[in-house]
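Novice: Here you go, this is run_11.txt (compact mmCIF, C-alpha atoms).
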```
# COMPACT_ATOMS: atom_id res chain seq x y z
CA MET F 290 -43.69 3.28 30.62
CA SER F 291 -45.21 0.45 28.62
CA THR F 292 -41.85 -0.89 27.43
CA GLN F 293 -41.17 -2.60 30.79
CA ILE F 294 -44.72 -3.47 31.84
CA THR F 295 -46.46 -6.59 30.58
CA PHE F 296 -50.16 -7.40 30.88
CA ALA F 297 -49.23 -10.03 33.47
CA ASP F 298 -47.83 -7.22 35.67
CA LEU F 299 -51.23 -5.50 35.75
CA ALA F 300 -52.73 -8.26 37.94
CA LEU F 301 -55.64 -8.99 35.59
CA ALA F 302 -57.67 -12.18 36.04
CA GLU F 303 -56.33 -15.32 34.36
CA PRO F 304 -59.18 -15.70 31.80
CA LEU F 305 -58.47 -12.16 30.60
CA LEU F 306 -54.71 -12.76 30.33
CA ARG F 307 -55.43 -15.90 28.30
CA ALA F 308 -57.63 -13.93 25.87
CA ILE F 309 -55.00 -11.15 25.62
CA THR F 310 -52.32 -13.72 24.75
CA GLU F 311 -54.60 -15.35 22.15
CA ALA F 312 -55.18 -11.92 20.59
CA GLY F 313 -51.39 -11.64 20.19
CA TYR F 314 -50.64 -8.90 22.75
CA THR F 315 -48.00 -8.98 25.47
CA GLN F 316 -47.37 -5.34 26.40
CA PRO F 317 -49.97 -2.68 27.11
CA THR F 318 -49.97 0.62 25.21
CA PRO F 319 -49.19 3.75 27.29
CA ILE F 320 -52.90 4.54 27.88
CA GLN F 321 -53.54 0.93 28.96
CA ALA F 322 -50.53 0.91 31.29
CA GLN F 323 -51.79 4.11 32.98
CA ALA F 324 -55.57 3.62 32.89
CA ILE F 325 -55.93 -0.08 33.86
CA PRO F 326 -54.38 0.24 37.38
CA GLN F 327 -56.47 3.38 38.05
CA VAL F 328 -59.74 1.70 37.03
CA LEU F 329 -58.89 -1.43 39.06
CA LYS F 330 -58.59 0.77 42.18
CA GLY F 331 -62.27 1.59 41.77
CA GLY F 332 -61.96 5.38 41.55
CA ASP F 333 -63.20 7.77 38.86
CA LEU F 334 -60.95 8.55 35.88
CA LEU F 335 -60.57 11.36 33.35
CA ALA F 336 -58.46 10.15 30.43
CA ALA F 337 -57.22 11.95 27.30
CA ALA F 338 -56.56 9.49 24.50
CA GLN F 339 -57.24 9.61 20.79
CA THR F 340 -58.60 6.78 18.67
CA GLY F 341 -55.79 4.37 17.80
CA THR F 342 -54.04 4.50 21.18
CA GLY F 343 -55.63 1.29 22.49
CA LYS F 344 -57.96 3.19 24.83
CA THR F 345 -60.90 0.78 24.35
CA ALA F 346 -59.00 -2.10 25.96
CA GLY F 347 -57.83 0.46 28.55
CA PHE F 348 -61.32 0.39 30.05
CA THR F 349 -62.86 -2.91 28.87
CA LEU F 350 -60.09 -5.05 30.44
CA PRO F 351 -60.28 -3.60 33.98
CA ILE F 352 -64.10 -3.51 33.83
CA LEU F 353 -64.19 -7.22 32.94
CA HIS F 354 -61.77 -7.88 35.82
CA LEU F 355 -63.91 -5.95 38.33
CA LEU F 356 -67.08 -7.80 37.27
CA LEU F 357 -65.31 -11.15 37.71
CA GLN F 358 -64.13 -10.07 41.17
CA ARG F 359 -67.66 -9.05 42.23
CA PRO F 360 -70.00 -11.80 40.96
CA ILE F 361 -73.74 -11.40 41.56
CA ALA F 362 -75.73 -14.47 42.60
CA GLN F 363 -78.91 -13.53 40.72
CA GLN F 364 -78.65 -11.04 37.85
CA ARG F 365 -82.03 -9.60 36.84
CA PRO F 366 -82.94 -9.37 33.10
CA GLY F 367 -82.42 -6.00 31.39
CA ARG F 368 -80.47 -4.61 34.36
CA PRO F 369 -76.84 -4.00 33.28
CA ARG F 370 -74.00 -3.56 35.78
CA VAL F 371 -71.90 -1.51 33.34
CA LEU F 372 -73.07 1.20 30.92
CA ILE F 373 -70.72 2.36 28.15
CA LEU F 374 -72.05 5.37 26.21
CA THR F 375 -70.55 6.08 22.78
CA PRO F 376 -71.42 8.66 20.09
CA THR F 377 -71.81 6.39 17.05
CA ARG F 378 -73.00 2.96 15.94
CA GLU F 379 -69.52 2.08 14.64
CA LEU F 380 -67.96 2.83 18.01
CA THR F 381 -70.54 0.72 19.88
CA ALA F 382 -69.62 -2.18 17.59
CA GLN F 383 -65.91 -1.61 18.20
CA VAL F 384 -66.32 -1.52 22.00
CA GLU F 385 -68.54 -4.64 21.92
CA GLU F 386 -65.88 -6.40 19.82
CA SER F 387 -63.30 -5.57 22.51
CA VAL F 388 -65.60 -6.91 25.27
CA GLN F 389 -66.17 -10.13 23.29
CA THR F 390 -62.46 -10.57 22.47
CA TYR F 391 -61.20 -10.17 26.03
CA GLY F 392 -64.22 -11.64 27.81
CA LYS F 393 -64.50 -14.81 25.73
CA HIS F 394 -63.28 -17.07 28.55
CA THR F 395 -65.67 -15.48 31.08
CA PRO F 396 -69.44 -15.82 31.63
CA ILE F 397 -69.90 -12.04 31.25
CA ARG F 398 -72.76 -11.06 28.90
CA SER F 399 -72.89 -7.91 26.83
CA MET F 400 -75.01 -6.29 24.10
CA VAL F 401 -75.02 -3.22 21.86
CA MET F 402 -77.86 -0.75 21.46
CA PHE F 403 -78.10 1.94 18.77
CA GLY F 404 -80.66 3.65 16.54
CA GLY F 405 -81.30 3.19 12.85
CA VAL F 406 -82.34 -0.44 13.31
CA ASN F 407 -85.52 -2.15 14.53
CA ILE F 408 -85.93 -1.75 18.30
CA ASN F 409 -87.76 -5.09 18.81
CA PRO F 410 -84.71 -7.44 18.72
CA GLN F 411 -83.10 -5.16 21.35
CA ILE F 412 -86.24 -5.39 23.53
CA THR F 413 -86.10 -9.21 23.21
CA ALA F 414 -82.40 -9.28 24.13
CA LEU F 415 -83.13 -7.17 27.24
CA LYS F 416 -85.37 -9.94 28.57
CA LYS F 417 -82.20 -11.89 29.43
CA PRO F 418 -79.63 -11.15 32.16
CA LEU F 419 -77.00 -8.63 31.07
CA ASP F 420 -73.69 -7.40 32.50
CA ILE F 421 -72.36 -4.80 30.04
CA LEU F 422 -74.46 -2.53 27.82
CA VAL F 423 -72.77 -0.50 25.04
CA ALA F 424 -75.18 2.13 23.75
CA THR F 425 -75.65 5.41 21.88
CA PRO F 426 -77.55 7.97 23.98
CA GLY F 427 -80.60 8.42 21.71
CA ARG F 428 -81.63 4.76 21.49
CA LEU F 429 -80.92 4.24 25.21
CA LEU F 430 -83.40 7.02 26.00
CA ASP F 431 -85.97 5.32 23.72
CA HIS F 432 -85.63 2.16 25.85
CA LEU F 433 -85.83 4.14 29.09
CA GLY F 434 -89.01 5.76 27.79
CA GLN F 435 -90.50 2.33 27.01
CA ARG F 436 -89.26 0.95 30.36
CA THR F 437 -87.54 -1.94 28.61
CA ILE F 438 -84.31 -1.30 30.53
CA ASP F 439 -83.46 -0.81 34.20
CA LEU F 440 -80.37 1.30 34.95
CA SER F 441 -80.69 1.11 38.75
CA GLY F 442 -77.96 -1.55 38.97
CA VAL F 443 -75.22 0.32 37.06
CA GLU F 444 -71.95 0.10 39.00
CA ILE F 445 -69.66 1.58 36.34
CA LEU F 446 -70.40 4.30 33.75
CA VAL F 447 -68.08 4.97 30.80
CA LEU F 448 -68.44 8.04 28.57
CA ASP F 449 -66.31 7.18 25.52
CA GLU F 450 -65.24 9.89 23.05
CA ALA F 451 -67.04 12.41 25.23
CA ASP F 452 -65.74 15.33 23.13
CA ARG F 453 -67.51 13.93 20.08
CA MET F 454 -70.71 13.39 22.04
CA LEU F 455 -70.67 17.09 22.95
CA ASP F 456 -69.92 18.05 19.32
CA MET F 457 -72.91 16.00 18.18
CA GLY F 458 -75.32 17.73 20.56
CA PHE F 459 -75.79 14.79 22.94
CA ILE F 460 -75.33 16.78 26.17
CA ARG F 461 -79.06 16.85 27.02
CA ASP F 462 -79.40 13.13 26.31
CA ILE F 463 -76.39 12.40 28.52
CA ARG F 464 -77.90 14.43 31.39
CA LYS F 465 -81.18 12.49 31.09
CA VAL F 466 -79.27 9.18 31.24
CA LEU F 467 -77.25 10.36 34.27
CA ALA F 468 -80.49 11.15 36.09
CA ALA F 469 -81.56 7.48 35.69
CA LEU F 470 -78.34 6.08 37.23
CA PRO F 471 -77.57 5.29 40.88
CA LYS F 472 -75.64 8.07 42.67
CA GLN F 473 -73.03 5.60 43.91
CA ARG F 474 -71.03 4.38 40.91
CA GLN F 475 -67.59 4.44 39.29
CA ASN F 476 -67.27 6.91 36.37
CA LEU F 477 -64.74 6.82 33.52
CA LEU F 478 -64.59 9.64 30.96
CA PHE F 479 -62.46 9.29 27.81
CA SER F 480 -61.89 12.19 25.43
CA ALA F 481 -59.45 12.99 22.62
CA THR F 482 -58.80 16.40 24.21
CA PHE F 483 -59.34 18.14 27.56
CA SER F 484 -61.28 21.13 26.26
CA ASP F 485 -63.01 23.58 28.62
CA GLU F 486 -66.35 21.93 27.75
CA ILE F 487 -64.97 18.50 28.68
CA ARG F 488 -63.65 19.86 31.99
CA THR F 489 -67.11 21.27 32.74
CA LEU F 490 -68.78 17.94 31.90
CA ALA F 491 -66.21 16.06 33.99
CA ARG F 492 -66.89 18.24 37.04
CA GLY F 493 -70.57 17.32 36.83
CA VAL F 494 -69.99 13.57 36.40
CA LEU F 495 -66.71 12.59 38.06
CA ASN F 496 -65.94 12.46 41.76
CA ASN F 497 -62.33 13.31 42.68
CA PRO F 498 -60.99 11.60 39.52
CA GLY F 499 -57.53 10.38 38.69
CA GLU F 500 -56.24 11.85 35.44
CA VAL F 501 -54.19 10.29 32.63
CA SER F 502 -53.13 11.76 29.31
CA VAL F 503 -51.06 10.08 26.62
CA THR F 504 -51.40 12.52 23.74
CA PRO F 505 -50.22 16.12 23.97
CA ARG F 506 -53.24 18.33 23.39
CA ASN F 507 -54.21 18.65 19.73
CA THR F 508 -50.90 17.57 18.20
CA ALA F 509 -50.94 15.71 14.90
CA SER F 510 -48.90 12.53 14.74
CA GLU F 511 -45.29 13.16 13.75
CA ARG F 512 -45.33 9.91 11.80
CA VAL F 513 -47.90 11.20 9.31
CA HIS F 514 -46.50 12.89 6.20
CA GLN F 515 -48.90 15.77 5.47
CA THR F 516 -49.23 17.53 2.11
CA VAL F 517 -51.65 19.91 0.39
CA HIS F 518 -52.66 20.18 -3.29
CA MET F 519 -54.28 23.51 -4.17
CA VAL F 520 -57.17 22.78 -6.55
CA GLU F 521 -60.54 24.31 -7.35
CA GLN F 522 -63.52 22.49 -5.86
CA ILE F 523 -65.00 21.64 -9.30
CA HIS F 524 -61.83 19.72 -10.26
CA LYS F 525 -61.35 17.80 -7.00
CA ARG F 526 -63.21 14.64 -8.06
CA ASP F 527 -61.12 14.31 -11.22
CA LEU F 528 -57.90 14.97 -9.31
CA ILE F 529 -58.51 12.48 -6.51
CA SER F 530 -59.43 9.80 -9.06
CA HIS F 531 -56.18 10.54 -10.92
CA ILE F 532 -54.06 10.45 -7.73
CA ILE F 533 -55.51 7.16 -6.47
CA ARG F 534 -55.12 5.43 -9.86
CA GLU F 535 -51.60 6.78 -10.50
CA SER F 536 -50.38 6.01 -6.97
CA GLY F 537 -51.85 2.51 -7.00
CA TRP F 538 -53.23 2.99 -3.49
CA HIS F 539 -55.09 -0.10 -2.31
CA GLN F 540 -56.51 1.25 0.96
CA VAL F 541 -57.42 4.92 1.28
CA LEU F 542 -59.91 6.64 3.59
CA VAL F 543 -61.36 9.83 2.08
CA PHE F 544 -63.19 12.47 4.14
CA THR F 545 -65.93 14.65 2.68
CA ARG F 546 -67.88 17.37 4.45
CA THR F 547 -71.36 16.18 3.42
CA LYS F 548 -73.27 12.95 2.86
CA HIS F 549 -74.22 14.01 -0.67
CA GLY F 550 -70.56 14.76 -1.42
CA ALA F 551 -69.55 11.31 -0.15
CA ASN F 552 -72.10 9.63 -2.45
CA ARG F 553 -71.11 11.64 -5.52
CA LEU F 554 -67.41 11.01 -5.02
CA ALA F 555 -67.87 7.25 -4.50
CA GLU F 556 -70.01 7.07 -7.68
CA LYS F 557 -67.34 8.95 -9.66
CA LEU F 558 -64.55 6.65 -8.43
CA VAL F 559 -66.56 3.51 -9.28
CA LYS F 560 -67.22 4.95 -12.75
CA ASP F 561 -63.44 5.39 -13.14
CA GLY F 562 -62.85 1.70 -12.37
CA LEU F 563 -61.96 1.90 -8.68
CA SER F 564 -63.63 -0.17 -5.95
CA ALA F 565 -65.19 2.48 -3.69
CA ALA F 566 -68.00 2.77 -1.14
CA ALA F 567 -69.48 5.63 0.91
CA ILE F 568 -70.52 5.56 4.57
CA HIS F 569 -72.55 8.25 6.32
CA GLY F 570 -75.53 8.73 8.62
CA ASN F 571 -78.15 8.17 5.90
CA LYS F 572 -76.83 4.70 5.06
CA SER F 573 -78.42 1.73 6.79
CA GLN F 574 -76.38 0.02 9.48
CA ALA F 575 -76.10 -3.09 7.27
CA ALA F 576 -74.73 -1.01 4.36
CA ARG F 577 -72.21 0.73 6.64
CA THR F 578 -71.04 -2.57 8.14
CA ARG F 579 -70.75 -4.14 4.67
CA ALA F 580 -68.70 -1.22 3.31
CA LEU F 581 -66.39 -1.22 6.34
CA GLU F 582 -65.82 -4.98 6.21
CA GLY F 583 -65.09 -4.77 2.48
CA PHE F 584 -62.56 -2.00 3.19
CA LYS F 585 -60.86 -3.91 6.01
CA GLN F 586 -60.63 -7.04 3.85
CA GLY F 587 -59.21 -5.15 0.87
CA LYS F 588 -62.22 -5.72 -1.40
CA VAL F 589 -63.00 -1.99 -1.29
CA ALA F 590 -59.94 0.18 -2.01
CA VAL F 591 -61.51 3.57 -1.27
CA LEU F 592 -63.84 4.29 1.66
CA VAL F 593 -65.47 7.74 1.43
CA ALA F 594 -66.82 8.95 4.78
CA THR F 595 -68.19 11.93 6.65
CA ASP F 596 -66.55 12.78 10.00
CA ILE F 597 -69.39 11.41 12.10
CA ALA F 598 -69.61 8.12 10.17
CA ALA F 599 -65.84 7.62 10.42
CA ARG F 600 -65.65 8.24 14.16
CA GLY F 601 -64.69 5.00 15.88
CA LEU F 602 -63.45 3.24 12.75
CA ASP F 603 -60.62 1.02 13.91
CA ILE F 604 -58.48 0.05 10.93
CA ASP F 605 -54.99 -1.33 11.53
CA GLN F 606 -52.12 -0.16 9.34
CA LEU F 607 -54.17 2.33 7.30
CA PRO F 608 -51.53 3.91 5.04
CA GLN F 609 -53.47 6.75 3.44
CA VAL F 610 -55.98 9.46 4.41
CA VAL F 611 -57.29 12.09 1.98
CA ASN F 612 -59.17 15.23 2.97
CA PHE F 613 -61.40 15.82 -0.06
CA GLU F 614 -62.53 18.92 1.81
CA LEU F 615 -61.04 20.42 4.95
CA PRO F 616 -63.19 20.15 8.08
CA ASN F 617 -64.69 23.33 9.56
CA VAL F 618 -63.30 22.42 12.98
CA PRO F 619 -59.44 22.24 13.02
CA GLU F 620 -59.42 19.51 15.72
CA ASP F 621 -61.32 17.26 13.31
CA TYR F 622 -58.32 17.42 10.95
CA VAL F 623 -56.19 15.96 13.75
CA HIS F 624 -58.75 13.17 14.31
CA ARG F 625 -58.85 12.43 10.58
CA ILE F 626 -55.12 12.17 9.98
CA GLY F 627 -54.73 10.22 13.26
CA ARG F 628 -56.36 7.29 11.46
CA THR F 629 -52.99 6.64 9.79
CA GLY F 630 -49.48 6.40 11.25
CA ARG F 631 -50.63 4.14 14.10
CA ALA F 632 -48.69 1.63 16.13
CA GLY F 633 -45.31 2.89 14.93
CA ALA F 634 -46.19 2.72 11.22
CA THR F 635 -45.77 5.67 8.88
CA GLY F 636 -48.74 7.18 7.08
CA SER F 637 -49.64 9.87 4.63
CA ALA F 638 -52.38 12.52 4.65
CA VAL F 639 -53.18 14.49 1.50
CA SER F 640 -55.56 17.47 1.55
CA LEU F 641 -57.23 18.93 -1.54
CA VAL F 642 -57.70 22.64 -0.82
CA ASP F 643 -59.86 25.07 -2.78
CA PRO F 644 -58.91 28.79 -2.50
CA SER F 645 -62.07 29.32 -0.42
CA GLU F 646 -60.65 26.89 2.19
CA ILE F 647 -57.43 28.85 2.85
CA LYS F 648 -58.79 30.19 6.17
CA LEU F 649 -59.54 26.64 7.31
CA LEU F 650 -56.02 25.54 6.28
CA ARG F 651 -54.43 28.37 8.28
CA ALA F 652 -56.50 27.47 11.34
CA ILE F 653 -55.27 23.85 11.07
CA GLU F 654 -51.64 24.97 10.69
CA ASN F 655 -52.01 27.19 13.77
CA LEU F 656 -53.37 24.24 15.74
CA ILE F 657 -50.64 21.77 14.76
CA LYS F 658 -48.04 24.55 14.99
CA LYS F 659 -46.42 23.90 11.64
CA PRO F 660 -47.03 24.69 7.96
CA ILE F 661 -48.25 21.88 5.70
CA GLU F 662 -46.24 21.42 2.54
CA ARG F 663 -47.94 22.59 -0.68
CA LEU F 664 -47.16 20.29 -3.58
CA PRO F 665 -47.98 20.72 -7.28
CA VAL F 666 -49.73 17.79 -8.98
CA THR F 667 -47.58 16.26 -11.69
CA GLY F 668 -49.00 14.65 -14.83
CA TRP F 669 -52.53 16.05 -14.45
CA THR F 670 -54.35 18.94 -16.03
CA PRO F 671 -57.98 19.84 -15.32
CA ALA F 672 -60.34 18.53 -18.01
CA PRO F 673 -62.69 21.07 -19.63
CA ARG F 674 -66.17 21.09 -18.06
CA SER F 675 -69.29 20.27 -20.06
CA ALA F 676 -72.41 22.46 -19.74
CA ALA F 677 -74.14 19.62 -17.82
CA GLN F 678 -71.24 19.35 -15.35
CA ILE F 679 -71.19 23.12 -14.81
CA ALA F 680 -74.94 23.07 -14.07
CA GLU F 681 -74.50 20.14 -11.67
CA ASP F 682 -71.67 21.92 -9.86
CA ALA F 683 -73.82 25.04 -9.50
CA ALA F 684 -76.62 22.91 -7.99
CA ASP F 685 -74.10 21.33 -5.61
CA ALA F 686 -72.84 24.75 -4.52
CA GLN F 687 -76.40 25.82 -3.77
CA ARG F 688 -77.01 22.63 -1.80
CA GLU F 689 -73.82 23.24 0.19
CA ALA F 690 -74.87 26.81 0.96
CA GLY F 691 -78.19 25.50 2.24
CA ARG F 692 -76.39 23.15 4.62
CA SER F 693 -73.78 25.55 5.90
CA GLY F 694 -76.04 26.95 8.62
CA ARG F 695 -76.57 23.57 10.28
CA GLY F 696 -73.78 23.33 12.82
CA ALA F 697 -70.02 23.53 12.95
CA LEU F 698 -69.43 20.12 11.43
CA GLY F 699 -71.24 21.14 8.25
CA ASN F 700 -72.64 17.66 7.73
CA GLY F 701 -76.29 18.58 7.60
CA ARG F 702 -76.99 17.01 10.98
CA PRO F 703 -79.23 19.09 13.26
CA SER F 704 -77.92 19.59 16.79
CA GLY F 705 -79.10 16.87 19.14
CA ALA F 706 -79.95 14.45 16.32
CA ARG F 707 -79.76 10.81 17.27
CA THR F 708 -77.39 8.17 16.02
```
Since I need it in another form, could you write the structure as structure tokens?
Specialist:
Amino acid sequence: MSTQITFADLALAEPLLRAITEAGYTQPTPIQAQAIPQVLKGGDLLAAAQTGTGKTAGFTLPILHLLLQRPIAQQRPGRPRVLILTPTRELTAQVEESVQTYGKHTPIRSMVMFGGVNINPQITALKKPLDILVATPGRLLDHLGQRTIDLSGVEILVLDEADRMLDMGFIRDIRKVLAALPKQRQNLLFSATFSDEIRTLARGVLNNPGEVSVTPRNTASERVHQTVHMVEQIHKRDLISHIIRESGWHQVLVFTRTKHGANRLAEKLVKDGLSAAAIHGNKSQAARTRALEGFKQGKVAVLVATDIAARGLDIDQLPQVVNFELPNVPEDYVHRIGRTGRAGATGSAVSLVDPSEIKLLRAIENLIKKPIERLPVTGWTPAPRSAAQIAEDAADAQREAGRSGRGALGNGRPSGART
């Protein structure tokens, strides 16, 4: 569909088309070609699109157009016309970047709002007129509680990565936010998959929605070459260090199951002479932004991340993803490897699998409907373990066992915790 259509065909306002051209785009992606006309009509929309499909511009562009078409003479401070809810800080930043990029030739004003940083600068910013607010649910509720924001003027609501918001226990927060919104509004819900839970949420939020889907449910990208190395957990850090150094990879995203595991792996890689950084929920926003920028610019070769921290990372042409541990939820594997092989490029996903993870591997293979090739590691033999290392591994195993009861994602985050 998108091969014939250009952005000019979508009847977007001239300032938006100018910004699109300056950003180097001429043709919309499939999700943009389907979603933009639907949003411009003013109706509700349920859209299935994974990260990397161009979905963010699929809603920011038509929203900017609608705001330009319906100017308000006197906009009151702290009273946004559009509310975009996202699950993580990184995703709020990504959406805001899209709004800034495409809205740069317009007078439209936007801001981001998330936890983990001082609330006072946000309160100050809300004293000025505002068109678009991009927020995580927890911090938005803090502002509602302090009456520093007025949601009575919201014309358009976007729930972005709604499946992840449900996974992270945000459903109660979302319901509280919905209760503060006007009944008459346009609603857009974006999700990587149309699970039963998403359908239930959609029925409660959307009114007679249009529906678009550009990714077959839960299918891993055919452009990603997937392999597995069977290796005991205690040898994984040595093996991944060996693989990265031998392969000469210059940009690799590594997923761990826990924050502690991310820290330990990054420390090990740095000790072995690689430029590495970890990002997870315990890191300050400044540290996460710094690590991500370093990774995008090529100063950091290895970014080690937990699933939640990596959600919303938008990295063009990422060639390599490594699963240091398999996720407990098979769909998360699809999200992880979908970070590579984007925009027609090929990518590679390597998983290090301990014998205790075989059940998880089988669940993933059932989901993607194909076996993943097992490959032996050439030129590497496990180094003997010192008594200190054995003791440290035992302590790690105990720590892991203590975390395992805290939710399906196994990342030590209590249900309903705020981002």
Novice: Pick from F:Thr547, F:Met519, F:Gly587, F:Asp561: nearest to Asp643 of chain F, with only C-alpha atoms counted?
Specialist: F:Met519
Novice: Just the number, please: distance in Å from atom CA of His569 of chain F to atom CA of Leu581 of chain F, one decimal.
Specialist: 11.3 Å
Novice: Can you list, as a list in words, every protein, DNA or RNA residue that comes within 7 Å of Thr315 of chain F when you count only C-alpha atoms, leaving out same-chain residues fewer than 4 positions away?
Specialist: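 Listing them by chain and then by number gives Thr295, Phe296 and Thr310 of chain F.
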Novice: Is it possible to get the residues within 8 Å of (-64.5, 17.6, 20.9) (coordinates as in the file, counting only C-alpha atoms) written as a list in words?
Specialist: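 The distance filter leaves exactly Ala451, Asp452, Arg453, Met454, Leu455, Asp456, Ser480, Ala481, Thr482, Ser484, Ile487 and Glu620 of chain F.
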Novice: Neighbourhood query: residues within 8 Å of (-78.5, -2.4, 13.3), file coordinates, counting all atoms listed in the file; return as number ranges by chain.
Specialist: F: 403-407, 573-575
Novice: Write the selection just made, keeping C-alpha atoms, as a PDB file, keeping the file's coordinate frame?
Specialist:
```pdb
ATOM      1  CA  PHE F 403     -78.100   1.940  18.770  1.00  0.00           C
ATOM      2  CA  GLY F 404     -80.660   3.650  16.540  1.00  0.00           C
ATOM      3  CA  GLY F 405     -81.300   3.190  12.850  1.00  0.00           C
ATOM      4  CA  VAL F 406     -82.340  -0.440  13.310  1.00  0.00           C
ATOM      5  CA  ASN F 407     -85.520  -2.150  14.530  1.00  0.00           C
ATOM      6  CA  SER F 573     -78.420   1.730   6.790  1.00  0.00           C
ATOM      7  CA  GLN F 574     -76.380   0.020   9.480  1.00  0.00           C
ATOM      8  CA  ALA F 575     -76.100  -3.090   7.270  1.00  0.00           C
TER       9      ALA F 575
END
```
Novice: Which residue gives the smallest distance to Glu379 of chain F among F:Ile568, F:Val494, F:Leu446, F:Ala680, with all atoms listed in the file counted?
Specialist: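 The closest residue to Glu379 of chain F is F:Ile568.
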Novice: Using only C-alpha atoms, determine which residues lie at most 9 Å from Ile653 of chain F, disregarding the query and same-chain residues fewer than 2 positions distant; provide the list as an MDAnalysis selection string.
Specialist: chainID F and resid 618:620 622:623 648:651 655:660
Novice: Next, the residues of the selection above should be written as a PDB file, keeping the file's coordinate frame with C-alpha atoms.
Specialist:
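Everything below was put into result26.pdb:
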```pdb
ATOM      1  CA  VAL F 618     -63.300  22.420  12.980  1.00  0.00           C
ATOM      2  CA  PRO F 619     -59.440  22.240  13.020  1.00  0.00           C
ATOM      3  CA  GLU F 620     -59.420  19.510  15.720  1.00  0.00           C
ATOM      4  CA  TYR F 622     -58.320  17.420  10.950  1.00  0.00           C
ATOM      5  CA  VAL F 623     -56.190  15.960  13.750  1.00  0.00           C
ATOM      6  CA  LYS F 648     -58.790  30.190   6.170  1.00  0.00           C
ATOM      7  CA  LEU F 649     -59.540  26.640   7.310  1.00  0.00           C
ATOM      8  CA  LEU F 650     -56.020  25.540   6.280  1.00  0.00           C
ATOM      9  CA  ARG F 651     -54.430  28.370   8.280  1.00  0.00           C
ATOM     10  CA  ASN F 655     -52.010  27.190  13.770  1.00  0.00           C
ATOM     11  CA  LEU F 656     -53.370  24.240  15.740  1.00  0.00           C
ATOM     12  CA  ILE F 657     -50.640  21.770  14.760  1.00  0.00           C
ATOM     13  CA  LYS F 658     -48.040  24.550  14.990  1.00  0.00           C
ATOM     14  CA  LYS F 659     -46.420  23.900  11.640  1.00  0.00           C
ATOM     15  CA  PRO F 660     -47.030  24.690   7.960  1.00  0.00           C
TER      16      PRO F 660
END
```
Novice: So which one's closest to Arg370 of chain F, F:Val388, F:Leu335, F:Leu422, F:Leu528? Using only C-alpha atoms, please.
Specialist: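 Going through F:Val388, F:Leu335, F:Leu422, F:Leu528 one by one, the smallest distance to Arg370 of chain F is for F:Leu422.
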Novice: Rank F:Glu614, F:Glu582, F:Asp527, F:Glu450 by their smallest atom-to-atom distance to Leu558 of chain F, using only C-alpha atoms, and report the top residue only.
Specialist: F:Asp527
Novice: Determine the nearest neighbour of Pro616 of chain F from the options F:Ala677, F:Leu664, F:Leu490, F:Val642, counting all atoms listed in the file.
Specialist: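 Under the stated criterion, the closest residue is F:Val642.
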Novice: Could you tell me which of F:Val328, F:Ala308, F:Val543, F:Ala565 comes closest to His394 of chain F if we count all atoms listed in the file?
Specialist: F:Ala308
Novice: I want to know what sits within 10 Å of Gly331 of chain F, based on all atoms listed in the file, with residues of the same chain fewer than 6 positions away left out; could you give that as a ChimeraX atom specification?
Specialist: /F:351-352,355,445,474-476
Novice: What does the distance from atom CA of Ala297 of chain F to atom CA of Leu372 of chain F come to in Å, to one decimal?
Specialist: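 Value for the atom CA of Ala297 of chain F-atom CA of Leu372 of chain F distance: 26.5 Å.
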Novice: Kindly give the distance, in Å, that separates atom CA of Val401 of chain F and atom CA of Leu299 of chain F, rounded to a single decimal.
Specialist: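 Atom CA of Val401 of chain F sits 27.6 Å away from atom CA of Leu299 of chain F.
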